[in-house]
Structure formats: structure tokens, C-alpha cells
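**Q** Pasting a structure here, questions to come.
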Amino acid sequence: MFRGSIVALVTPFKKGKVDYKSLQRLVDFHVKAGTDAILPCGTTGESATLSMEEHEDVIEAVVSAAAGRVPVIAGTGANNTKEAIELTKHAKKAGADGSLQVCPYYNKPTQEGLYQHFKTIAEAVDIPIILYNIPSRTGINMSADTIERLSKIKNIVAIKEASGNLSQMAEIKRRCGDNLVLLSGDDALTLPVLSIGGEGVISVVANIMPDKVREMISAWNNKEIERARDIYFDLMPLVKAMFIETNPIPVKTAMGMMGMISPELRLPLYEMAKENQEKLKKVLKAYQLV
């Protein structure tokens with residue numbers, strides 16, 4: 001379930017509110033494209049600016065739209081352990097297949113604090129959990145020692161590693177082995193992560209080219225190494241374009257240009273600078289996406 005191409009789904013907005021009709025269309029789009037799992041309410045889904053009610057409603061809407069056709073992994077992390085438990089309990093009740101739990105941001109807990117946070121959530125809600133390590137967003141890196149300890153908790157089953165540190169990822173894989181599925185949290189590192197034993201990606205680019213992300217991982221799994229590498233290199237200009245400004249500004253702008261959704265963002269995220277819009281449009285044209 002927690003392998004392959006997992007899309008970090010955007011949350012479409014229209015006039016300040018969640019656009020549930022577009023959300024339904026996006027889920028259908030990913031089912032048709034063969035995306036392996038859908039992850040709403042993560043970083044790319046602007047979870048930080050969703051109200052508690054919206055957060056829960058989006059998860060319910062995605063589970064309903066998926067209708068068992070594709071697994072749904074709900075982003076239910078928070079920097080307040082009690083809040084994370086509440087969101088995770090709701091996700092389980094709504095029918096989500098798993099939960100993504102980000103390292104607490106702003107608080108800057110110790111490694112022991114991180115361990116106790118995730119352990120408390122895992123014990124409170126019997127649902128498969130993916131840990132999410134992204135120090136550039138949270139201000140704290142979860143160490144391989146802490147991850148190894150957490151991997152011994154039965155319902156902590158995977159980690160989305162977005163530290164950008166391949167050495168750390170290799171150490172996690174060496175220590176945890178089959179106890180923990182290693183997932184790339186960065187499209188630019190998907191193939192390198194696969195090469196050290198990773199089993200997939202939680203992807204931003206899959207919002208617009210899900211077939212290619214899935215094809216790359218499938219090629220690798222089928223030992224078609226050169227084909228996987230070719231797809232990886234072919235995707236690199238698009239991957240770079242998705243991060244010319246803070247995620248999810250570029251991907252939502254791209255999806256707006258492609259007519260998939262309104263490119264609306266929530267403050268403090270703001271529309272892409274005009275010069276960067278031109279750069280993005282040029283890349284999308286090269287891929288024949290616009």
C-alpha cells in the first residue's frame with residue numbers, strides 16, 4: 001500500500017473555499033493514471049492553512065471520491081500531539097488507509113520528544129503511520145537513531161524522508177531493513193533513493209505527470225535500470241520548475257495553466273512572480289502540457 005507513486009495532492013480552492021468538485025476530478029484523474037496512493041492534507045495540500053473542519057472535510061471527500069479504488073493516506077500531523085491524535089482518529093473513522101505524521105514544527109523538540117510524540121500517536125490510533133522528516137520546514141531533523149527506535153512500533157510502517165541527506169537515508173535503510181518502508185520525499189531524489197532500497201516517492205510532480213512518475217518506479221522495480229534513469233532525467237526540468245518558488249505555488253500555478261484547477265493559494269502563500277510564471281510556462285510547453 002505504501003509503495004510506488006504516491007501523489008502529495010494539492011487542495012484546490014475557489015473564492016477562498018475548498019473546491020470539492022475539482023477535488024473529486026483530481027481523485028478520478030489519479031485513479032485513471034494508476035497512481036498507487038493519494039495523500040491529501042500534506043505540505044502540498046496546504047494543510048497549515050486549512051481549518052480543523054476543512055482538514056477533516058477534505059480527508060472525508062478524498063476517501064469518498066476514491067471509493068476504495070486507490071488507498072488514501074491522510075496527512076494528520078501537527079505540532080500539538082493532542083491535535084495530531086484528534087485528526088488521526090478522525091481519518092481512521094473516515095476510512096483512510098493510513099496517516100502521514102510530520103515532525104512537529106516550530107516547537108523544536110529533542111530527539112526523545114520526537115520519539116514520545118510519534119509513539120503516543122501510534123498507541124492512541126491503530127492505523128498504519130508514515131513518519132515525515134522534513135527539516136527545511138520543521139526546523140528539526142529526526143535522527144536515524146530515533147527512526148530506528150520508532151520502526152519497532154508495530155503500526156509505524158514507513159518514512160517519507162525529505163531531509164535531502166542520502167547518507168542519512170542509507171543509514172535508515174541499513175538499520176531498519178524491512179521494518180520500515182523508505183519513501184523519497186523529494187522528486188529530485190526519487191531514483192537515488194530507489195537505488196539505496198527505497199520503495200517509492202510521495203510526489204509533487206505526480207500531480208501533473210502521474211503516469212511518468214509511476215512508469216519510472218515500475219521500470220526500476222522491473223530491473224529496467226536504463227529506462228528508469230532515462231525517465232528520471234527526462235523529468236528533471238519539470239521537477240526543478242516545481243520548486244522555483246515555495247511548494248505548492250509552482251504546481252498549483254502549473255495546474256491552473258493546464259486547466260486542471262484554479263491556481264488559488266492561501267495567504268501567506270501568494271501567486272507566483274510574473275517572471276517565474278513565464279519560466280514555468282516555457283517548461284510546461286516543452287512537455288506539451290499547455
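Labels used: A, B, ... for chains in the order of the C-alpha cells, numbers from 1 for residues in each chain, and numbers from 1 for ligands as shown.
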What's the 8 Å shell around A:Leu191, counting only C-alpha atoms, without same-chain residues fewer than 6 positions away, as a PDB file with N, CA and C atoms, in the first residue's frame?

**A**
ATOM      1  N   ILE A 217       9.187   4.328 -11.543  1.00  0.00           N
ATOM      2  CA  ILE A 217       9.318   3.392 -10.418  1.00  0.00           C
ATOM      3  C   ILE A 217       9.081   1.959 -10.884  1.00  0.00           C
ATOM      4  N   ALA A 228      14.478   3.473 -16.430  1.00  0.00           N
ATOM      5  CA  ALA A 228      14.142   4.263 -15.247  1.00  0.00           C
ATOM      6  C   ALA A 228      14.984   5.527 -15.192  1.00  0.00           C
ATOM      7  N   ARG A 229      16.276   5.391 -15.507  1.00  0.00           N
ATOM      8  CA  ARG A 229      17.174   6.543 -15.483  1.00  0.00           C
ATOM      9  C   ARG A 229      16.801   7.560 -16.559  1.00  0.00           C
ATOM     10  N   TYR A 232      13.797   9.457 -15.395  1.00  0.00           N
ATOM     11  CA  TYR A 232      14.234  10.353 -14.314  1.00  0.00           C
ATOM     12  C   TYR A 232      14.881  11.610 -14.881  1.00  0.00           C
TER      13      TYR A 232
END

**Q** How would you write, as a ChimeraX atom specification, the set of residues in stretch 91-166 of chain A that DSSP gives as strand (DSSP E)?

**A** /A:98-102,129-133,156-161

**Q** As an exercise, work out the distance from atom CA of A:Glu46 to atom CA of A:Arg149 in Å and give it to one decimal place.

**A**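 Atom-to-atom, atom CA of A:Glu46 to atom CA of A:Arg149, that is 29.6 Å.
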
**Q** Considering only C-alpha atoms, can you say which of A:Val251, A:Val62, A:Ile85, A:Ile134 comes closest to A:His30?

**A**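 The shortest atom-to-atom distance to A:His30 comes from A:Val62.
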
**Q** Please identify the alpha helix (DSSP H) residues within stretch 83-262 of chain A (assignment by DSSP from backbone atoms) and present them as a ChimeraX atom specification.

**A** /A:83-94,111-124,135-138,144-150,166-176,190-195,210-221,225-241,249-257

**Q** Fewer than 6 positions away in the same chain doesn't count, so skip those; otherwise give me all residues within 10 Å of A:Tyr105, counting only C-alpha atoms, as number ranges by chain.

**A** A: 77-80, 134-140

**Q** Restrict the selected residues to N, CA and C atoms and save them as a PDB file, in the first residue's frame.

**A**
ATOM      1  N   GLY A  77      -0.686  15.161  10.666  1.00  0.00           N
ATOM      2  CA  GLY A  77       0.331  15.587  11.622  1.00  0.00           C
ATOM      3  C   GLY A  77       0.059  16.979  12.153  1.00  0.00           C
ATOM      4  N   ALA A  78       0.686  17.294  13.270  1.00  0.00           N
ATOM      5  CA  ALA A  78       0.562  18.620  13.884  1.00  0.00           C
ATOM      6  C   ALA A  78       1.724  18.810  14.849  1.00  0.00           C
ATOM      7  N   ASN A  79       1.949  20.068  15.261  1.00  0.00           N
ATOM      8  CA  ASN A  79       2.989  20.299  16.267  1.00  0.00           C
ATOM      9  C   ASN A  79       2.413  20.264  17.676  1.00  0.00           C
ATOM     10  N   ASN A  80       1.159  19.849  17.756  1.00  0.00           N
ATOM     11  CA  ASN A  80       0.471  19.630  19.022  1.00  0.00           C
ATOM     12  C   ASN A  80       0.040  18.157  19.021  1.00  0.00           C
ATOM     13  N   ILE A 134      11.185  16.378   7.441  1.00  0.00           N
ATOM     14  CA  ILE A 134      11.451  17.471   6.503  1.00  0.00           C
ATOM     15  C   ILE A 134      12.012  18.674   7.265  1.00  0.00           C
ATOM     16  N   PRO A 135      13.300  18.611   7.608  1.00  0.00           N
ATOM     17  CA  PRO A 135      13.896  19.645   8.452  1.00  0.00           C
ATOM     18  C   PRO A 135      13.821  21.061   7.880  1.00  0.00           C
ATOM     19  N   SER A 136      13.788  21.204   6.556  1.00  0.00           N
ATOM     20  CA  SER A 136      13.719  22.551   5.968  1.00  0.00           C
ATOM     21  C   SER A 136      12.417  23.245   6.329  1.00  0.00           C
ATOM     22  N   ARG A 137      11.378  22.469   6.634  1.00  0.00           N
ATOM     23  CA  ARG A 137      10.082  23.035   7.025  1.00  0.00           C
ATOM     24  C   ARG A 137       9.900  23.066   8.543  1.00  0.00           C
ATOM     25  N   THR A 138      10.456  22.096   9.232  1.00  0.00           N
ATOM     26  CA  THR A 138      10.141  21.936  10.656  1.00  0.00           C
ATOM     27  C   THR A 138      11.183  22.523  11.593  1.00  0.00           C
ATOM     28  N   GLY A 139      12.407  22.709  11.089  1.00  0.00           N
ATOM     29  CA  GLY A 139      13.474  23.232  11.932  1.00  0.00           C
ATOM     30  C   GLY A 139      14.171  22.187  12.767  1.00  0.00           C
ATOM     31  N   ILE A 140      13.804  20.904  12.569  1.00  0.00           N
ATOM     32  CA  ILE A 140      14.431  19.823  13.335  1.00  0.00           C
ATOM     33  C   ILE A 140      14.587  18.599  12.448  1.00  0.00           C
TER      34      ILE A 140
END

**Q** Got a sec: who's within 10 Å of A:Leu238, counting only C-alpha atoms, leaving out chain neighbours fewer than 3 positions off, as a PyMOL selection string?

**A** chain A and resi 187-188+205+208-209+233-235+241-243+251+280+283-284+286-287

**Q** Just the number, please: distance in Å from atom CA of A:Ala158 to atom CA of A:Leu183, one decimal.

**A** 7.2 Å

**Q** Please determine, counting only C-alpha atoms, which residue among A:Arg266, A:Lys285, A:Lys89, A:Arg174 has the shortest atom-to-atom distance to A:Lys14.

**A**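 Of all the options, A:Arg266 lies closest to A:Lys14.
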
**Q** Mind giving me the straight-line distance from atom CA of A:Ala254 to atom CA of A:Ala67 in Å, one decimal?

**A**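 About the pair atom CA of A:Ala254 and atom CA of A:Ala67: they are 27.3 Å apart.
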
**Q** Of the candidates A:Ala91, A:Ile59, A:Met258, A:Ile6, which one gets nearest to A:Gln288 if we count only C-alpha atoms?

**A** A:Met258
